[in-house]
Each structure stands twice: as structure tokens, then as C-alpha cells.
file structure_38.txt (compact mmCIF, C-alpha atoms)
# COMPACT_ATOMS: atom_id res chain seq x y z
CA MET A 29 -18.21 -82.42 -28.63
CA LYS A 30 -19.45 -79.77 -31.06
CA ARG A 31 -18.17 -76.29 -30.28
CA LEU A 32 -20.78 -73.63 -29.54
CA GLU A 33 -21.01 -70.70 -31.92
CA ARG A 34 -20.94 -67.15 -30.63
CA GLN A 35 -22.11 -63.90 -32.18
CA HIS A 36 -19.17 -61.76 -33.19
CA PRO A 37 -18.64 -59.21 -30.39
CA VAL A 38 -17.55 -55.62 -30.80
CA ARG A 39 -14.75 -54.07 -28.78
CA HIS A 40 -16.44 -50.90 -27.62
CA ALA A 41 -19.82 -49.27 -26.99
CA ARG A 42 -20.97 -45.73 -26.31
CA ILE A 43 -24.05 -43.61 -25.76
CA LEU A 44 -25.26 -42.53 -29.20
CA GLY A 45 -28.14 -40.31 -28.14
CA VAL A 46 -30.10 -39.04 -25.14
CA GLY A 47 -33.72 -37.94 -24.92
CA ALA A 48 -35.87 -36.54 -22.13
CA TYR A 49 -39.47 -35.89 -21.18
CA ARG A 50 -40.26 -33.39 -18.45
CA PRO A 51 -43.91 -33.08 -17.36
CA GLU A 52 -45.69 -29.88 -18.29
CA ARG A 53 -46.50 -28.76 -14.77
CA SER A 54 -43.78 -27.11 -12.70
CA VAL A 55 -44.53 -26.98 -8.98
CA ASP A 56 -42.67 -24.58 -6.69
CA ASN A 57 -41.80 -25.15 -3.05
CA ALA A 58 -44.63 -22.95 -1.81
CA GLU A 59 -47.25 -25.25 -3.32
CA VAL A 60 -45.63 -28.40 -1.95
CA CYS A 61 -45.26 -26.84 1.48
CA VAL A 62 -49.01 -26.37 1.87
CA LEU A 63 -49.30 -30.10 2.58
CA ILE A 64 -46.17 -30.54 4.70
CA ASN A 65 -46.33 -27.47 6.97
CA SER A 66 -42.99 -26.13 5.80
CA SER A 67 -41.49 -23.23 3.86
CA ASP A 68 -39.58 -22.52 0.68
CA ALA A 69 -36.54 -21.48 2.73
CA TRP A 70 -36.55 -24.74 4.72
CA VAL A 71 -36.89 -26.94 1.62
CA HIS A 72 -34.23 -25.06 -0.32
CA SER A 73 -31.75 -25.01 2.55
CA ARG A 74 -31.95 -28.79 2.96
CA SER A 75 -32.25 -29.91 -0.65
CA GLY A 76 -31.35 -27.08 -3.02
CA ILE A 77 -34.67 -27.66 -4.78
CA ARG A 78 -36.67 -24.66 -6.01
CA SER A 79 -39.26 -26.50 -8.12
CA ARG A 80 -40.07 -29.91 -9.57
CA ARG A 81 -42.27 -31.43 -12.27
CA PHE A 82 -45.48 -33.34 -11.52
CA ALA A 83 -47.09 -35.43 -14.24
CA GLY A 84 -50.72 -34.82 -15.16
CA PRO A 85 -53.28 -37.58 -15.74
CA HIS A 86 -52.39 -37.79 -19.45
CA GLU A 87 -48.66 -37.99 -18.71
CA THR A 88 -48.58 -41.67 -17.91
CA LEU A 89 -45.39 -43.58 -17.23
CA GLU A 90 -45.70 -45.20 -20.65
CA MET A 91 -46.32 -41.89 -22.44
CA MET A 92 -43.31 -40.20 -20.84
CA ALA A 93 -41.02 -43.17 -21.50
CA THR A 94 -42.15 -43.46 -25.12
CA THR A 95 -41.52 -39.78 -25.78
CA ALA A 96 -38.07 -39.85 -24.17
CA ALA A 97 -37.06 -43.00 -26.05
CA GLY A 98 -38.26 -41.53 -29.35
CA LYS A 99 -36.16 -38.42 -28.79
CA ALA A 100 -33.11 -40.52 -27.93
CA LEU A 101 -33.51 -42.60 -31.10
CA ALA A 102 -33.84 -39.45 -33.20
CA ALA A 103 -30.75 -37.93 -31.57
CA ALA A 104 -28.81 -41.13 -32.22
CA GLY A 105 -30.00 -41.42 -35.82
CA ILE A 106 -31.16 -44.98 -35.15
CA GLU A 107 -34.37 -46.46 -36.56
CA PRO A 108 -36.65 -48.45 -34.22
CA GLY A 109 -36.14 -51.50 -36.42
CA ASP A 110 -32.44 -51.45 -35.56
CA VAL A 111 -33.07 -51.76 -31.81
CA ASP A 112 -32.19 -55.17 -30.34
CA CYS A 113 -33.15 -54.71 -26.70
CA VAL A 114 -35.14 -52.35 -24.47
CA LEU A 115 -34.31 -51.91 -20.77
CA VAL A 116 -36.59 -49.92 -18.46
CA SER A 117 -35.61 -48.84 -14.97
CA THR A 118 -38.54 -47.82 -12.79
CA ILE A 119 -39.87 -48.22 -9.26
CA SER A 120 -43.21 -46.54 -9.93
CA HIS A 121 -44.76 -48.94 -12.45
CA LEU A 122 -47.89 -49.84 -10.50
CA ARG A 123 -48.51 -53.12 -12.32
CA GLN A 124 -46.24 -55.78 -10.85
CA LEU A 125 -46.34 -57.80 -14.06
CA PRO A 126 -45.91 -57.87 -16.96
CA GLY A 127 -42.99 -55.49 -16.97
CA MET A 128 -43.09 -52.14 -18.71
CA ALA A 129 -40.25 -52.80 -21.18
CA PRO A 130 -42.09 -55.16 -23.59
CA ASP A 131 -44.94 -52.63 -23.83
CA LEU A 132 -42.47 -49.80 -24.44
CA ALA A 133 -40.73 -51.80 -27.16
CA VAL A 134 -44.03 -52.01 -29.05
CA ARG A 135 -44.79 -48.33 -28.49
CA ILE A 136 -41.46 -47.21 -30.00
CA GLY A 137 -41.78 -49.54 -32.99
CA ALA A 138 -39.35 -52.21 -31.77
CA GLY A 139 -41.83 -54.90 -30.78
CA GLY A 140 -40.46 -58.41 -30.52
CA VAL A 141 -36.99 -57.53 -29.24
CA GLY A 142 -35.60 -58.56 -25.87
CA ALA A 143 -37.12 -56.33 -23.21
CA PHE A 144 -37.10 -56.33 -19.43
CA ASP A 145 -37.37 -54.08 -16.40
CA ILE A 146 -34.65 -53.23 -13.88
CA SER A 147 -35.45 -52.61 -10.22
CA ALA A 148 -32.41 -50.81 -8.85
CA ALA A 149 -34.20 -47.59 -7.89
CA CYS A 150 -32.03 -44.48 -8.20
CA ALA A 151 -29.06 -46.54 -9.40
CA GLY A 152 -31.15 -48.07 -12.18
CA GLY A 153 -30.02 -45.79 -15.00
CA CYS A 154 -26.35 -46.58 -14.39
CA TYR A 155 -27.14 -50.28 -13.94
CA GLY A 156 -28.97 -50.27 -17.27
CA LEU A 157 -26.08 -48.54 -18.99
CA ALA A 158 -23.64 -51.17 -17.67
CA LEU A 159 -25.90 -53.96 -18.92
CA ALA A 160 -26.26 -52.37 -22.36
CA ASP A 161 -22.49 -51.96 -22.64
CA SER A 162 -21.97 -55.64 -21.78
CA MET A 163 -24.67 -56.80 -24.21
CA ILE A 164 -23.13 -54.91 -27.10
CA ARG A 165 -19.53 -55.83 -26.40
CA GLY A 166 -20.58 -59.45 -25.89
CA GLY A 167 -22.28 -59.64 -29.28
CA ASN A 168 -25.80 -60.12 -27.89
CA ALA A 169 -27.16 -56.79 -29.14
CA ARG A 170 -26.09 -53.97 -31.41
CA HIS A 171 -28.38 -51.17 -30.26
CA VAL A 172 -29.97 -51.01 -26.81
CA VAL A 173 -32.50 -48.47 -25.54
CA VAL A 174 -32.11 -47.74 -21.81
CA VAL A 175 -34.97 -45.82 -20.20
CA GLY A 176 -35.46 -44.41 -16.72
CA ALA A 177 -39.07 -43.40 -16.10
CA GLU A 178 -40.84 -42.43 -12.90
CA ARG A 179 -44.08 -41.03 -11.54
CA MET A 180 -42.78 -40.79 -8.01
CA ARG A 181 -45.89 -38.96 -6.83
CA ASP A 182 -47.72 -42.26 -7.28
CA VAL A 183 -45.59 -43.99 -4.64
CA ILE A 184 -45.15 -41.34 -1.93
CA ASP A 185 -47.31 -39.73 0.73
CA ALA A 186 -47.72 -36.10 -0.33
CA GLU A 187 -48.03 -35.13 3.36
CA ASP A 188 -44.81 -36.84 4.47
CA ARG A 189 -42.65 -33.91 5.56
CA SER A 190 -39.46 -35.98 5.37
CA LEU A 191 -39.61 -36.66 1.63
CA ALA A 192 -42.63 -35.22 -0.19
CA PHE A 193 -40.66 -32.12 -1.21
CA LEU A 194 -37.90 -34.21 -2.82
CA PHE A 195 -39.53 -36.51 -5.32
CA ALA A 196 -40.89 -35.73 -8.76
CA ASP A 197 -41.81 -37.19 -12.16
CA GLY A 198 -40.08 -37.52 -15.53
CA ALA A 199 -38.41 -39.84 -18.00
CA ALA A 200 -35.19 -39.97 -19.98
CA ALA A 201 -33.51 -42.44 -22.31
CA TRP A 202 -30.20 -43.41 -23.82
CA VAL A 203 -29.52 -45.26 -27.04
CA VAL A 204 -26.35 -47.31 -26.69
CA GLY A 205 -24.52 -48.79 -29.66
CA PRO A 206 -21.15 -49.91 -31.03
CA SER A 207 -18.16 -47.58 -31.17
CA ASP A 208 -14.69 -47.57 -32.68
CA GLU A 209 -13.31 -46.13 -29.44
CA PRO A 210 -14.15 -46.80 -25.78
CA GLY A 211 -17.25 -44.80 -24.86
CA ILE A 212 -18.38 -46.43 -21.62
CA GLY A 213 -15.86 -47.19 -18.90
CA PRO A 214 -15.93 -50.19 -16.55
CA VAL A 215 -18.68 -49.98 -13.97
CA ALA A 216 -17.97 -49.73 -10.26
CA TRP A 217 -21.08 -51.08 -8.59
CA GLY A 218 -22.39 -52.87 -5.55
CA SER A 219 -25.01 -52.87 -2.82
CA ASP A 220 -25.43 -52.72 0.95
CA GLY A 221 -28.26 -55.13 1.69
CA GLY A 222 -27.71 -54.64 5.39
CA SER A 223 -29.28 -51.21 5.05
CA LEU A 224 -32.52 -52.18 3.31
CA ASP A 225 -34.64 -50.30 5.83
CA ALA A 226 -32.94 -46.96 5.15
CA LEU A 227 -35.00 -46.50 1.98
CA THR A 228 -37.94 -48.86 1.58
CA MET A 229 -41.74 -49.14 1.48
CA THR A 230 -43.92 -48.66 4.55
CA ARG A 231 -45.31 -52.19 4.19
CA THR A 232 -45.54 -55.04 1.70
CA TRP A 233 -48.42 -55.55 -0.70
CA GLY A 234 -49.06 -58.84 1.11
CA GLU A 235 -49.63 -56.99 4.36
CA PHE A 236 -51.96 -54.56 2.61
CA ARG A 237 -53.86 -57.44 0.99
CA ASP A 238 -54.34 -59.13 4.36
CA ASP A 239 -55.58 -55.93 6.01
CA PRO A 240 -57.07 -53.47 3.48
CA ALA A 241 -57.79 -51.08 6.34
CA LEU A 242 -54.10 -50.24 6.37
CA PRO A 243 -52.89 -47.38 4.16
CA SER A 244 -51.41 -48.59 0.87
CA PRO A 245 -47.61 -48.98 0.76
CA VAL A 246 -45.63 -45.81 0.06
CA LEU A 247 -41.99 -44.83 0.10
CA SER A 248 -40.27 -44.44 3.46
CA MET A 249 -36.80 -42.94 3.91
CA ASP A 250 -34.43 -42.25 6.77
CA GLY A 251 -33.02 -39.13 5.14
CA ARG A 252 -30.18 -38.51 7.58
CA ARG A 253 -29.01 -42.10 7.36
CA VAL A 254 -29.09 -42.09 3.56
CA PHE A 255 -27.24 -38.76 3.47
CA ARG A 256 -24.49 -40.06 5.77
CA TRP A 257 -24.15 -43.29 3.79
CA THR A 258 -23.95 -41.43 0.49
CA ALA A 259 -21.42 -38.89 1.77
CA GLY A 260 -19.25 -41.65 3.19
CA GLU A 261 -19.41 -44.26 0.45
CA ILE A 262 -20.30 -42.86 -2.97
CA ALA A 263 -17.21 -40.69 -3.35
CA LYS A 264 -15.16 -43.88 -2.93
CA VAL A 265 -17.21 -45.58 -5.66
CA CYS A 266 -16.72 -42.59 -7.96
CA LYS A 267 -12.96 -42.67 -7.40
CA LEU A 268 -12.95 -46.38 -8.21
CA ALA A 269 -14.83 -45.72 -11.46
CA LEU A 270 -12.23 -43.09 -12.41
CA ASP A 271 -9.41 -45.53 -11.65
CA LYS A 272 -11.06 -48.32 -13.65
CA ALA A 273 -11.42 -45.99 -16.64
CA GLY A 274 -7.81 -44.84 -16.36
CA VAL A 275 -8.70 -41.17 -15.99
CA THR A 276 -8.54 -38.51 -13.29
CA ALA A 277 -10.96 -35.83 -12.15
CA ALA A 278 -8.96 -33.33 -14.21
CA ASP A 279 -9.84 -35.26 -17.39
CA LEU A 280 -13.57 -34.84 -16.84
CA GLY A 281 -15.82 -32.36 -18.54
CA ALA A 282 -18.84 -33.16 -16.37
CA PHE A 283 -19.94 -34.85 -13.16
CA ILE A 284 -23.49 -36.22 -13.32
CA PRO A 285 -24.55 -37.89 -10.07
CA HIS A 286 -28.06 -39.03 -9.19
CA GLN A 287 -30.05 -35.88 -8.53
CA ALA A 288 -31.07 -36.84 -5.01
CA ASN A 289 -30.34 -33.59 -3.26
CA LEU A 290 -28.12 -30.67 -4.22
CA ARG A 291 -26.39 -30.82 -0.83
CA ILE A 292 -25.32 -34.42 -1.53
CA THR A 293 -24.00 -33.37 -4.94
CA GLU A 294 -21.99 -30.57 -3.32
CA VAL A 295 -20.46 -32.98 -0.79
CA LEU A 296 -19.49 -35.46 -3.52
CA ALA A 297 -17.97 -32.74 -5.72
CA HIS A 298 -15.91 -31.55 -2.75
CA GLU A 299 -14.73 -35.07 -1.87
CA LEU A 300 -13.71 -35.70 -5.49
CA ARG A 301 -11.81 -32.38 -5.62
CA LEU A 302 -13.26 -31.57 -9.01
CA PRO A 303 -11.47 -28.78 -10.92
CA ASP A 304 -13.43 -25.63 -11.70
CA HIS A 305 -13.79 -26.57 -15.37
CA VAL A 306 -15.89 -29.65 -14.57
CA ALA A 307 -19.61 -28.96 -15.05
CA VAL A 308 -21.53 -30.37 -12.08
CA ALA A 309 -25.12 -31.38 -12.83
CA ASP A 310 -27.70 -29.50 -10.78
CA ASP A 311 -30.93 -30.51 -12.52
CA VAL A 312 -32.42 -31.34 -9.12
CA VAL A 313 -32.91 -27.60 -8.52
CA THR A 314 -35.75 -27.44 -11.06
CA SER A 315 -36.60 -31.12 -11.62
CA GLY A 316 -36.50 -32.61 -8.14
CA ASN A 317 -35.49 -36.20 -7.46
CA THR A 318 -36.75 -38.40 -10.29
CA SER A 319 -35.12 -41.62 -9.05
CA SER A 320 -33.95 -43.80 -11.96
CA ALA A 321 -34.64 -41.05 -14.52
CA SER A 322 -32.43 -38.47 -12.85
CA VAL A 323 -29.00 -39.27 -14.34
CA PRO A 324 -30.08 -39.29 -18.01
CA LEU A 325 -32.33 -36.28 -17.38
CA ALA A 326 -29.40 -34.39 -15.88
CA MET A 327 -27.17 -35.39 -18.80
CA GLU A 328 -29.72 -34.08 -21.29
CA ALA A 329 -29.98 -30.80 -19.37
CA LEU A 330 -26.21 -30.27 -19.28
CA LEU A 331 -25.89 -30.90 -23.02
CA ALA A 332 -28.90 -28.72 -23.88
CA SER A 333 -27.54 -25.83 -21.80
CA GLY A 334 -24.10 -26.01 -23.40
CA ARG A 335 -22.39 -26.50 -20.03
CA ALA A 336 -21.10 -29.83 -21.35
CA ALA A 337 -20.39 -30.86 -24.93
CA SER A 338 -20.48 -33.95 -27.08
CA GLY A 339 -17.22 -35.84 -26.70
CA ASP A 340 -16.58 -34.67 -23.13
CA LEU A 341 -15.83 -37.28 -20.49
CA ALA A 342 -18.49 -37.46 -17.79
CA LEU A 343 -18.52 -39.33 -14.50
CA LEU A 344 -21.97 -40.79 -13.81
CA ALA A 345 -23.09 -42.06 -10.41
CA GLY A 346 -26.39 -43.60 -9.33
CA PHE A 347 -27.29 -44.56 -5.76
CA GLY A 348 -30.41 -45.31 -3.78
CA ALA A 349 -32.65 -48.02 -2.34
CA GLY A 350 -31.00 -51.36 -1.83
CA LEU A 351 -28.75 -49.63 -0.99
CA ALA A 352 -27.59 -50.06 -4.59
CA TYR A 353 -24.98 -47.97 -6.36
CA ALA A 354 -23.11 -47.76 -9.65
CA ALA A 355 -20.69 -45.35 -11.31
CA GLN A 356 -18.94 -45.21 -14.66
CA VAL A 357 -17.12 -42.75 -16.90
CA VAL A 358 -18.68 -42.18 -20.32
CA VAL A 359 -18.12 -40.12 -23.44
CA LEU A 360 -21.04 -37.72 -23.82
CA PRO A 361 -23.15 -38.17 -26.97
call {"tool": "encode", "arguments": {"input": "structure_38.txt", "output": "C-alpha cells"}}
result
Amino acid sequence: MKRLERQHPVRHARILGVGAYRPERSVDNAEVCVLINSSDAWVHSRSGIRSRRFAGPHETLEMMATTAAGKALAAAGIEPGDVDCVLVSTISHLRQLPGMAPDLAVRIGAGGVGAFDISAACAGGCYGLALADSMIRGGNARHVVVVGAERMRDVIDAEDRSLAFLFADGAAAWVVGPSDEPGIGPVAWGSDGGSLDALTMTRTWGEFRDDPALPSPVLSMDGRRVFRWTAGEIAKVCKLALDKAGVTAADLGAFIPHQANLRITEVLAHELRLPDHVAVADDVVTSGNTSSASVPLAMEALLASGRAASGDLALLAGFGAGLAYAAQVVVLP
């Protein structure tokens, strides 16, 4: 039997560049609270959020993703023609098919490459990073663009007091490529499919099709249940990611969890016993919860502010609907 040929793999991969797009319009708590009969003090006490970004009509999902990916490519010094695969994580692409990734590949000048969407909600960025790392080390790609892009306002009820103040819009991207040294640690990931109803949609599109008199499907969340699950489980996942990477919390320069809620971030940081020198991402305060875009957005913000530096070790953690989760240690670009 003839032996199959394999592309020559590389030993290591790393994030080469990060790029972000934040919508022009910043919306404070007072404006959001008009529709949910609440107050700035109530929203801030429960979420830590002061403001968030809402996309305008011209700031489409595709426009935001294209801009973020272009910035990431420029930061990485990689030409679009050198991209081998495009991964897009989103839960707010309103067209069920085709996926957004093939369109994005064309928009960034990489048309024709492998391209597909990931549906892992708020864990999607970290899932995409794990896939890109495996593709590169397995010899199936050399440069991969990973994008998280969301217009969460398109999939929520703006009058839902339980979640309307949390979610926001934005996009961010990573370019992942080969490295002489390890730049992306082993992923610690999983899911809890027994808790699907904790964070889901109000109904299926099939139900809406059969009875158009029903309101269209929007996001539904049991906030207390999700908070308890996150506080109890995600710190364990983060510790496993540290162990898999062979590092400790003291080795970190930054902790970048999904920007779900500042109170969740504070609980995780406490459970991990992070030293004072570790920069803890708090982009949620001014960006809100941008689902799959939140981890790369928060990374870009930390680097831009100087609170974290290129070459630092950062612990990433994504978690959300599914309930899906993933964490890994990376070297910052």
C-alpha cells in the first residue's frame, strides 16, 4: 500500500498580531436604562459596566470584521496573499448560510483559502485560537486569521432588563503563524450540554416560521445560573490551562477572560490568586459584553494601554452558551 504524504508540520505557533474595531457610538448606562427601567448605579453594581459600543447602520458585521482583520494583518506584517485560512466566530450573523468567513476572506484579499464559521458563542475566540494552533502545527496552514465579530444588539431584546445592559457590538482579530518557540499553550476546553437552557434563544426559527405572530427569537439568559456556573467551574479550567502550559499564576503578565461581567472577572482573579503584577483585563467597563469578540478586544486594549507588553504570558479564557468553555496560555504579540 502506498504511504500517504503529509505536509511538513512546524513545532510551534503564536499570535503574530491583533487588531480591533470598536463602533463609533459609545452608549452610557443612563441611555440604556431608559428602556429597562433601571439606573446607572444598579447596572454598574451588578456588572461593572459604565458604557458600551453600539454599531450604526453602516457598521455592519462584515465591515467591522474586515477592519479588525486588516489591522491584525498589518500588525503582524503579513500580506493577505500569505493567509491560508480564515476562521470567524460569531452568533449574530443573521444569514444562516453561507457562513461569514468565505465572504470575509474575499474582503481582506485572501479569497479562495479555507474559510469557515465557528459557533461557540463567548468561547469562540479561544476555540478559534486552538484550531489555528493545531492547523499550523499540523502542517495544514501557515497563517490563519481568527476573527470574533458581533452585533449583539441584533439578537437581544433592548427592553429585557436581565441582559440588555450587558451586550454590545464590536470585532477583533488575531493573525496566528509559525514560531521558533511555543507561543500558544495546550487548550483546556469542554462543554456542559446539560445546561443548554441557561443561555439560549427564546425560540427556534422553525417555531417562528410556523407562527409568525410570535416575536422573533432573541437571546435569553438565566444570569444567576450562568454566574454560579462560571464562578464554580471556570477557575478550575484556568488552573488546568496553567498546568498544561507548565506555568503558574506568578509567571503571567496578564489575565484576559471573556468580558462577560466585571464581577465575574473579579471572582475568577480571586480564585486564581493572581499576584498584583498581573494585569487583569477590564475592557467590559467601557465595551460591554461583545461575546466572541471580547477576548481579542480585551487583549488589544491591554496592549494599547501599556498595561501588558509584547512577550508577556497571558492566560485567556472564554465561556458562554453551550455551556462551552476554553482556556489557554499565550505569548502576547
call {"tool": "residues_around", "arguments": {"input": "structure_38.txt", "residues": "A:Ser75", "least_positions_apart": "5", "cutoff": "12 Å", "atoms": "only C-alpha atoms", "output": "ChimeraX atom specification"}}
result
/A:57,68-70,80,190-195,251,255,287-294,310-317
call {"tool": "atom_distance", "arguments": {"input": "structure_38.txt", "atom1": "atom CA of A:Ile284", "atom2": "atom CA of A:Ala102"}}
result
22.6 Å
call {"tool": "residues_around", "arguments": {"input": "structure_38.txt", "residues": "A:Arg181", "least_positions_apart": "4", "cutoff": "10 Å", "atoms": "all atoms listed in the file", "output": "ChimeraX atom specification"}}
result
/A:81-83,120,185-186,192,195-197,246-247,318
call {"tool": "write_last_selection", "arguments": {"input": "structure_38.txt", "atoms": "C-alpha atoms", "output": "PDB file, in the coordinates of the input"}}
result
ATOM      1  CA  ARG A  81     -42.270 -31.430 -12.270  1.00  0.00           C
ATOM      2  CA  PHE A  82     -45.480 -33.340 -11.520  1.00  0.00           C
ATOM      3  CA  ALA A  83     -47.090 -35.430 -14.240  1.00  0.00           C
ATOM      4  CA  SER A 120     -43.210 -46.540  -9.930  1.00  0.00           C
ATOM      5  CA  ASP A 185     -47.310 -39.730   0.730  1.00  0.00           C
ATOM      6  CA  ALA A 186     -47.720 -36.100  -0.330  1.00  0.00           C
ATOM      7  CA  ALA A 192     -42.630 -35.220  -0.190  1.00  0.00           C
ATOM      8  CA  PHE A 195     -39.530 -36.510  -5.320  1.00  0.00           C
ATOM      9  CA  ALA A 196     -40.890 -35.730  -8.760  1.00  0.00           C
ATOM     10  CA  ASP A 197     -41.810 -37.190 -12.160  1.00  0.00           C
ATOM     11  CA  VAL A 246     -45.630 -45.810   0.060  1.00  0.00           C
ATOM     12  CA  LEU A 247     -41.990 -44.830   0.100  1.00  0.00           C
ATOM     13  CA  THR A 318     -36.750 -38.400 -10.290  1.00  0.00           C
TER      14      THR A 318
END
call {"tool": "closest_atom_pairs", "arguments": {"input": "structure_38.txt", "of": "stretch 208-247 of chain A", "to": "stretch 122-133 of chain A", "cutoff": "12 Å", "atoms": "only C-alpha atoms", "output": "JSON lines"}}
result
{"residue": "A:Trp233", "atom": "CA", "partner": "A:Gln124", "partner_atom": "CA", "distance": 10.4}
{"residue": "A:Ser244", "atom": "CA", "partner": "A:Leu122", "partner_atom": "CA", "distance": 12.0}
{"residue": "A:Pro245", "atom": "CA", "partner": "A:Leu122", "partner_atom": "CA", "distance": 11.3}
{"residue": "A:Val246", "atom": "CA", "partner": "A:Leu122", "partner_atom": "CA", "distance": 11.5}
call {"tool": "write_last_selection", "arguments": {"input": "structure_38.txt", "atoms": "C-alpha atoms", "output": "CSV table (one decimal), in the coordinates of the input"}}
result
chain,number,residue,atom,x,y,z
A,233,TRP,CA,-48.4,-55.6,-0.7
A,244,SER,CA,-51.4,-48.6,0.9
A,245,PRO,CA,-47.6,-49.0,0.8
A,246,VAL,CA,-45.6,-45.8,0.1
call {"tool": "atom_distance", "arguments": {"input": "structure_38.txt", "atom1": "atom CA of A:Ala158", "atom2": "atom CA of A:Ile212"}}
result
8.1 Å
call {"tool": "residues_around", "arguments": {"input": "structure_38.txt", "residues": "A:Tyr49", "least_positions_apart": "3", "cutoff": "8 Å", "atoms": "all atoms listed in the file", "output": "list in words"}}
result
Met92, Ala93, Thr95, Ala96, Gly198, Ala199 and Ala200 of chain A
call {"tool": "closest_residue", "arguments": {"input": "structure_38.txt", "among": "A:Gly167, A:Pro240, A:Gly98, A:Gly76", "to": "A:Gly137", "atoms": "only C-alpha atoms"}}
result
A:Gly98
call {"tool": "closest_residue", "arguments": {"input": "structure_38.txt", "among": "A:His72, A:Arg53, A:Arg39, A:Lys272", "to": "A:Gly213", "atoms": "all atoms listed in the file"}}
result
A:Lys272
call {"tool": "residues_near_point", "arguments": {"input": "structure_38.txt", "point": "(-24.5, -54.9, -22.6)", "cutoff": "12 Å", "atoms": "all atoms listed in the file", "output": "MDAnalysis selection string"}}
result
chainID A and resid 37:43 112:115 154:174 203:206 212 214:215
call {"tool": "write_last_selection", "arguments": {"input": "structure_38.txt", "atoms": "C-alpha atoms", "output": "mmCIF file, in the frame of the given file"}}
result
data_model
loop_
_atom_site.group_PDB
_atom_site.id
_atom_site.type_symbol
_atom_site.label_atom_id
_atom_site.label_comp_id
_atom_site.auth_asym_id
_atom_site.auth_seq_id
_atom_site.Cartn_x
_atom_site.Cartn_y
_atom_site.Cartn_z
ATOM 1 C CA PRO A 37 -18.640 -59.210 -30.390
ATOM 2 C CA VAL A 38 -17.550 -55.620 -30.800
ATOM 3 C CA ARG A 39 -14.750 -54.070 -28.780
ATOM 4 C CA HIS A 40 -16.440 -50.900 -27.620
ATOM 5 C CA ALA A 41 -19.820 -49.270 -26.990
ATOM 6 C CA ARG A 42 -20.970 -45.730 -26.310
ATOM 7 C CA ILE A 43 -24.050 -43.610 -25.760
ATOM 8 C CA ASP A 112 -32.190 -55.170 -30.340
ATOM 9 C CA CYS A 113 -33.150 -54.710 -26.700
ATOM 10 C CA VAL A 114 -35.140 -52.350 -24.470
ATOM 11 C CA LEU A 115 -34.310 -51.910 -20.770
ATOM 12 C CA CYS A 154 -26.350 -46.580 -14.390
ATOM 13 C CA TYR A 155 -27.140 -50.280 -13.940
ATOM 14 C CA GLY A 156 -28.970 -50.270 -17.270
ATOM 15 C CA LEU A 157 -26.080 -48.540 -18.990
ATOM 16 C CA ALA A 158 -23.640 -51.170 -17.670
ATOM 17 C CA LEU A 159 -25.900 -53.960 -18.920
ATOM 18 C CA ALA A 160 -26.260 -52.370 -22.360
ATOM 19 C CA ASP A 161 -22.490 -51.960 -22.640
ATOM 20 C CA SER A 162 -21.970 -55.640 -21.780
ATOM 21 C CA MET A 163 -24.670 -56.800 -24.210
ATOM 22 C CA ILE A 164 -23.130 -54.910 -27.100
ATOM 23 C CA ARG A 165 -19.530 -55.830 -26.400
ATOM 24 C CA GLY A 166 -20.580 -59.450 -25.890
ATOM 25 C CA GLY A 167 -22.280 -59.640 -29.280
ATOM 26 C CA ASN A 168 -25.800 -60.120 -27.890
ATOM 27 C CA ALA A 169 -27.160 -56.790 -29.140
ATOM 28 C CA ARG A 170 -26.090 -53.970 -31.410
ATOM 29 C CA HIS A 171 -28.380 -51.170 -30.260
ATOM 30 C CA VAL A 172 -29.970 -51.010 -26.810
ATOM 31 C CA VAL A 173 -32.500 -48.470 -25.540
ATOM 32 C CA VAL A 174 -32.110 -47.740 -21.810
ATOM 33 C CA VAL A 203 -29.520 -45.260 -27.040
ATOM 34 C CA VAL A 204 -26.350 -47.310 -26.690
ATOM 35 C CA GLY A 205 -24.520 -48.790 -29.660
ATOM 36 C CA PRO A 206 -21.150 -49.910 -31.030
ATOM 37 C CA ILE A 212 -18.380 -46.430 -21.620
ATOM 38 C CA PRO A 214 -15.930 -50.190 -16.550
ATOM 39 C CA VAL A 215 -18.680 -49.980 -13.970
#
call {"tool": "axis_aligned_box", "arguments": {"input": "structure_38.txt", "around": "stretch 302-316 of chain A", "padding_each_side": "5 Å", "output": "AutoDock Vina command-line options"}}
result
--center_x -24.0 --center_y -29.1 --center_z -11.8 --size_x 35.1 --size_y 17.0 --size_z 17.2
call {"tool": "closest_residue", "arguments": {"input": "structure_38.txt", "among": "A:Ala103, A:Ala273, A:Ala226, A:Val60", "to": "A:Ala355", "atoms": "all atoms listed in the file"}}
result
A:Ala273
call {"tool": "closest_residue", "arguments": {"input": "structure_38.txt", "among": "A:Val55, A:Leu300, A:Gly260, A:Ser248", "to": "A:Arg78", "atoms": "all atoms listed in the file"}}
result
A:Val55
call {"tool": "closest_residue", "arguments": {"input": "structure_38.txt", "among": "A:Ile146, A:Met91, A:Leu343, A:Ala278", "to": "A:Arg50", "atoms": "only C-alpha atoms"}}
result
A:Met91
call {"tool": "atom_distance", "arguments": {"input": "structure_38.txt", "atom1": "atom CA of A:Thr88", "atom2": "atom CA of A:Asp188"}}
result
23.2 Å
call {"tool": "residues_around", "arguments": {"input": "structure_38.txt", "residues": "A:Leu325", "least_positions_apart": "4", "cutoff": "7 Å", "atoms": "all atoms listed in the file", "output": "MDAnalysis selection string"}}
result
chainID A and resid 48 200 321 329
call {"tool": "write_last_selection", "arguments": {"input": "structure_38.txt", "atoms": "C-alpha atoms", "output": "PDB file, in the coordinates of the input"}}
result
ATOM      1  CA  ALA A  48     -35.870 -36.540 -22.130  1.00  0.00           C
ATOM      2  CA  ALA A 200     -35.190 -39.970 -19.980  1.00  0.00           C
ATOM      3  CA  ALA A 321     -34.640 -41.050 -14.520  1.00  0.00           C
ATOM      4  CA  ALA A 329     -29.980 -30.800 -19.370  1.00  0.00           C
TER       5      ALA A 329
END
call {"tool": "closest_residue", "arguments": {"input": "structure_38.txt", "among": "A:Val295, A:Ala345, A:Leu351, A:Ala282", "to": "A:Asp220", "atoms": "all atoms listed in the file"}}
result
A:Leu351
call {"tool": "build_atoms", "arguments": {"input": "structure_38.txt", "residues": "stretch 188-195 of chain A", "atoms": "N, CA and C atoms", "output": "tab-separated table (two decimals), in the coordinates of the input"}}
result
chain	number	residue	atom	x	y	z
A	188	ASP	N	-45.98	-36.39	3.71
A	188	ASP	CA	-44.81	-36.84	4.47
A	188	ASP	C	-43.74	-35.75	4.41
A	189	ARG	N	-43.55	-35.06	5.52
A	189	ARG	CA	-42.65	-33.91	5.56
A	189	ARG	C	-41.20	-34.29	5.31
A	190	SER	N	-40.86	-35.57	5.52
A	190	SER	CA	-39.46	-35.98	5.37
A	190	SER	C	-39.04	-36.18	3.93
A	191	LEU	N	-40.02	-36.36	3.00
A	191	LEU	CA	-39.61	-36.66	1.63
A	191	LEU	C	-40.51	-36.12	0.52
A	192	ALA	N	-41.69	-35.64	0.86
A	192	ALA	CA	-42.63	-35.22	-0.19
A	192	ALA	C	-42.07	-34.08	-1.04
A	193	PHE	N	-41.22	-33.25	-0.47
A	193	PHE	CA	-40.66	-32.12	-1.21
A	193	PHE	C	-39.55	-32.53	-2.17
A	194	LEU	N	-39.04	-33.76	-2.01
A	194	LEU	CA	-37.90	-34.21	-2.82
A	194	LEU	C	-38.30	-34.79	-4.17
A	195	PHE	N	-39.31	-35.65	-4.17
A	195	PHE	CA	-39.53	-36.51	-5.32
A	195	PHE	C	-40.44	-35.90	-6.38
